[in-house]
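Trainee: The structure that follows is given in the form of structure tokens.
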Amino acid sequence: MTMTTVLDASAAITAVLGNSAQSERMQGIISSSRIVVAPTLYITETANALWKYADAGHFSQAEMVLALHRCESLITRFTQDEEVINAAFIDACSAKHPVYDMIYVSVARDEAGTLCTLDSRLAKIAQSFGIPVFS
């Protein structure tokens with residue numbers, strides 16, 4: 001059992017909407033974690049991604065509202081973005097990568113957790129900062 005997993009929106013949406021080996025893998029990682037943590041930014045990111053699916057007509061609005069609730073229910077504890085924003089900013093400058101992604105890296109570092117992401121660039125950056133990654 002993994003102690004703490006920091007879940008990003010890409011992995012969560014795949015776990016909730018997907019019907020593939022990759023979605024089953026994400027579901028397995030999440031269910032084997034004792035604690036699943038995410039920054040509050042996660043709510044906005046998942047809502048925005050799900051809105052894109054509804055807007056494109058892939059799913060109904062009602063289906064995406066339910067998916068949003070499922071994404072939120074995956075999280076054991078939310079951290080406040082403000083707690084890590086300075087470190088995320090410094091890391092973003094160092095990695096030349098957006099601050100919003102580096103918030104997840106900062107949370108994973110602070111929580112001594114493993115980052116769960118399907119963003120391959122973010123996974124490589126997190127690993128370069130010494131953060132274990134599920135991808």
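Labels used: A, B, ... for chains in the order of the structure tokens, numbers from 1 for residues in each chain, and numbers from 1 for ligands as shown.
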Got a sec: who's within 7 Å of segment 93-108 of chain A, counting only C-alpha atoms, leaving out chain neighbours fewer than 6 positions off, as a list in words?

Mentor: Val6, Asp8, Pro39, Asp81, Val84, Ile85, Ala87, Thr114, Leu115, Ile125, Ala126 and Ile131 of chain A

Trainee: I need the residues from that last selection saved to file as a PDB file, in the first residue's frame (with N, CA and C atoms), if you can.

Mentor:
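Output saved as result-v7.pdb:
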ATOM      1  N   VAL A   6      -0.255  11.991  -4.460  1.00  0.00           N
ATOM      2  CA  VAL A   6      -0.741  13.307  -4.867  1.00  0.00           C
ATOM      3  C   VAL A   6      -1.296  13.132  -6.274  1.00  0.00           C
ATOM      4  N   ASP A   8      -3.136  14.277  -9.736  1.00  0.00           N
ATOM      5  CA  ASP A   8      -3.414  15.438 -10.582  1.00  0.00           C
ATOM      6  C   ASP A   8      -4.651  15.176 -11.433  1.00  0.00           C
ATOM      7  N   PRO A  39      -4.013  19.577  -4.392  1.00  0.00           N
ATOM      8  CA  PRO A  39      -4.189  20.993  -4.090  1.00  0.00           C
ATOM      9  C   PRO A  39      -5.613  21.414  -4.479  1.00  0.00           C
ATOM     10  N   ASP A  81      -3.550  25.907  -2.029  1.00  0.00           N
ATOM     11  CA  ASP A  81      -2.518  26.299  -2.989  1.00  0.00           C
ATOM     12  C   ASP A  81      -1.562  27.328  -2.399  1.00  0.00           C
ATOM     13  N   VAL A  84       1.869  26.388  -0.884  1.00  0.00           N
ATOM     14  CA  VAL A  84       3.012  25.962  -1.698  1.00  0.00           C
ATOM     15  C   VAL A  84       3.322  26.894  -2.865  1.00  0.00           C
ATOM     16  N   ILE A  85       2.588  27.988  -2.981  1.00  0.00           N
ATOM     17  CA  ILE A  85       2.715  28.821  -4.182  1.00  0.00           C
ATOM     18  C   ILE A  85       4.122  29.389  -4.358  1.00  0.00           C
ATOM     19  N   ALA A  87       7.063  28.106  -3.349  1.00  0.00           N
ATOM     20  CA  ALA A  87       7.938  27.016  -3.801  1.00  0.00           C
ATOM     21  C   ALA A  87       7.596  26.617  -5.235  1.00  0.00           C
ATOM     22  N   THR A 114       3.944  10.432  -3.547  1.00  0.00           N
ATOM     23  CA  THR A 114       4.210  10.058  -4.926  1.00  0.00           C
ATOM     24  C   THR A 114       3.207  10.779  -5.809  1.00  0.00           C
ATOM     25  N   LEU A 115       3.695  11.455  -6.837  1.00  0.00           N
ATOM     26  CA  LEU A 115       2.824  12.167  -7.764  1.00  0.00           C
ATOM     27  C   LEU A 115       2.245  11.185  -8.765  1.00  0.00           C
ATOM     28  N   ILE A 125       9.783  16.139 -14.971  1.00  0.00           N
ATOM     29  CA  ILE A 125      10.222  17.262 -14.136  1.00  0.00           C
ATOM     30  C   ILE A 125      10.160  16.871 -12.664  1.00  0.00           C
ATOM     31  N   ALA A 126       9.051  16.249 -12.248  1.00  0.00           N
ATOM     32  CA  ALA A 126       8.917  15.827 -10.846  1.00  0.00           C
ATOM     33  C   ALA A 126      10.055  14.887 -10.472  1.00  0.00           C
ATOM     34  N   ILE A 131      11.053  13.595  -6.852  1.00  0.00           N
ATOM     35  CA  ILE A 131       9.689  13.179  -6.468  1.00  0.00           C
ATOM     36  C   ILE A 131       9.372  11.859  -7.158  1.00  0.00           C
TER      37      ILE A 131
END

Trainee: Which residues are close to segment 18-35 of chain A, i.e. within 10 Å by only C-alpha atoms, leaving aside same-chain residues fewer than 4 positions away? Reply as a count of residues only.

Mentor: 22

Trainee: Would you return as a PyMOL selection string the members of chain A that DSSP assigns to strand (DSSP E or B) on this structure's backbone?

Mentor: chain A and resi 2-7+33-39+77-79+114-116+133-134

Trainee: Restrict the selected residues to N, CA and C atoms and save them as an mmCIF file, in the first residue's frame.

Mentor:
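For reference, selection-v7.cif as written:
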data_model
loop_
_atom_site.group_PDB
_atom_site.id
_atom_site.type_symbol
_atom_site.label_atom_id
_atom_site.label_comp_id
_atom_site.auth_asym_id
_atom_site.auth_seq_id
_atom_site.Cartn_x
_atom_site.Cartn_y
_atom_site.Cartn_z
ATOM 1 N N THR A 2 0.597 2.153 -0.915
ATOM 2 C CA THR A 2 1.310 3.416 -0.986
ATOM 3 C C THR A 2 0.797 4.319 0.122
ATOM 4 N N MET A 3 1.696 4.977 0.802
ATOM 5 C CA MET A 3 1.280 5.853 1.894
ATOM 6 C C MET A 3 0.473 7.039 1.379
ATOM 7 N N THR A 4 1.120 7.929 0.621
ATOM 8 C CA THR A 4 0.457 9.148 0.169
ATOM 9 C C THR A 4 0.646 9.314 -1.329
ATOM 10 N N THR A 5 -0.446 9.516 -2.020
ATOM 11 C CA THR A 5 -0.417 9.802 -3.451
ATOM 12 C C THR A 5 -0.967 11.199 -3.661
ATOM 13 N N VAL A 6 -0.255 11.991 -4.460
ATOM 14 C CA VAL A 6 -0.741 13.307 -4.867
ATOM 15 C C VAL A 6 -1.296 13.132 -6.274
ATOM 16 N N LEU A 7 -2.591 13.320 -6.413
ATOM 17 C CA LEU A 7 -3.310 13.041 -7.653
ATOM 18 C C LEU A 7 -3.509 14.314 -8.455
ATOM 19 N N SER A 33 -3.741 3.526 -2.330
ATOM 20 C CA SER A 33 -3.138 4.609 -1.553
ATOM 21 C C SER A 33 -3.876 4.778 -0.230
ATOM 22 N N ARG A 34 -3.103 4.954 0.827
ATOM 23 C CA ARG A 34 -3.725 5.184 2.132
ATOM 24 C C ARG A 34 -4.359 6.571 2.174
ATOM 25 N N ILE A 35 -3.646 7.554 1.619
ATOM 26 C CA ILE A 35 -4.129 8.940 1.573
ATOM 27 C C ILE A 35 -3.935 9.443 0.153
ATOM 28 N N VAL A 36 -4.954 10.102 -0.389
ATOM 29 C CA VAL A 36 -4.859 10.743 -1.701
ATOM 30 C C VAL A 36 -5.042 12.236 -1.473
ATOM 31 N N VAL A 37 -4.015 12.990 -1.834
ATOM 32 C CA VAL A 37 -3.979 14.426 -1.582
ATOM 33 C C VAL A 37 -3.982 15.168 -2.916
ATOM 34 N N ALA A 38 -4.578 16.350 -2.917
ATOM 35 C CA ALA A 38 -4.530 17.225 -4.088
ATOM 36 C C ALA A 38 -4.620 18.670 -3.620
ATOM 37 N N PRO A 39 -4.013 19.577 -4.392
ATOM 38 C CA PRO A 39 -4.189 20.993 -4.090
ATOM 39 C C PRO A 39 -5.613 21.414 -4.479
ATOM 40 N N ARG A 77 -7.765 14.374 1.160
ATOM 41 C CA ARG A 77 -7.504 15.670 1.787
ATOM 42 C C ARG A 77 -7.001 16.655 0.736
ATOM 43 N N PHE A 78 -7.553 17.857 0.783
ATOM 44 C CA PHE A 78 -7.088 18.939 -0.084
ATOM 45 C C PHE A 78 -6.121 19.840 0.683
ATOM 46 N N THR A 79 -5.087 20.308 -0.015
ATOM 47 C CA THR A 79 -4.176 21.296 0.553
ATOM 48 C C THR A 79 -4.476 22.645 -0.096
ATOM 49 N N THR A 114 3.944 10.432 -3.547
ATOM 50 C CA THR A 114 4.210 10.058 -4.926
ATOM 51 C C THR A 114 3.207 10.779 -5.809
ATOM 52 N N LEU A 115 3.695 11.455 -6.837
ATOM 53 C CA LEU A 115 2.824 12.167 -7.764
ATOM 54 C C LEU A 115 2.245 11.185 -8.765
ATOM 55 N N CYS A 116 0.938 11.220 -8.946
ATOM 56 C CA CYS A 116 0.246 10.400 -9.929
ATOM 57 C C CYS A 116 -0.246 11.324 -11.032
ATOM 58 N N VAL A 133 7.110 9.108 -8.961
ATOM 59 C CA VAL A 133 5.968 9.340 -9.864
ATOM 60 C C VAL A 133 5.335 8.025 -10.284
ATOM 61 N N PHE A 134 3.991 8.016 -10.298
ATOM 62 C CA PHE A 134 3.205 7.002 -10.988
ATOM 63 C C PHE A 134 2.714 7.670 -12.258
#

Trainee: Do you have the atom CA of Trp51 of chain A-atom CA of Met64 of chain A distance handy?

Mentor: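 Those two atoms sit 7.1 Å apart.
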
Trainee: Expressed in Å to a single decimal, how great is the separation between atom CA of Lys124 of chain A and atom CA of Thr40 of chain A?

Mentor: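 One can read the atom CA of Lys124 of chain A to atom CA of Thr40 of chain A distance as 22.8 Å.
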
Trainee: Check the smallest atom-to-atom distance from each of A:Ala88, A:Leu41, A:Cys71, A:Leu17 to Tyr53 of chain A using only C-alpha atoms, then report the winner.

Mentor: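 Of A:Ala88, A:Leu41, A:Cys71, A:Leu17, the one nearest Tyr53 of chain A is A:Leu17, counting only C-alpha atoms.
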
Trainee: If I take atom CA of Gln61 of chain A and atom CA of Gln80 of chain A, how far is one from the other in Å, to one decimal?

Mentor: 27.8 Å

Trainee: With distances taken over only C-alpha atoms, which residue among A:Ala123, A:Ala62, A:Ala9, A:Ile90 lies nearest Thr46 of chain A?

Mentor: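 Of A:Ala123, A:Ala62, A:Ala9, A:Ile90, the one nearest Thr46 of chain A, counting only C-alpha atoms, is A:Ala9.
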
Trainee: Pick the closest to Glu45 of chain A from A:Ser10, A:Gln127, A:Asn86, A:Ser120: which is it, counting only C-alpha atoms?

Mentor: A:Ser10
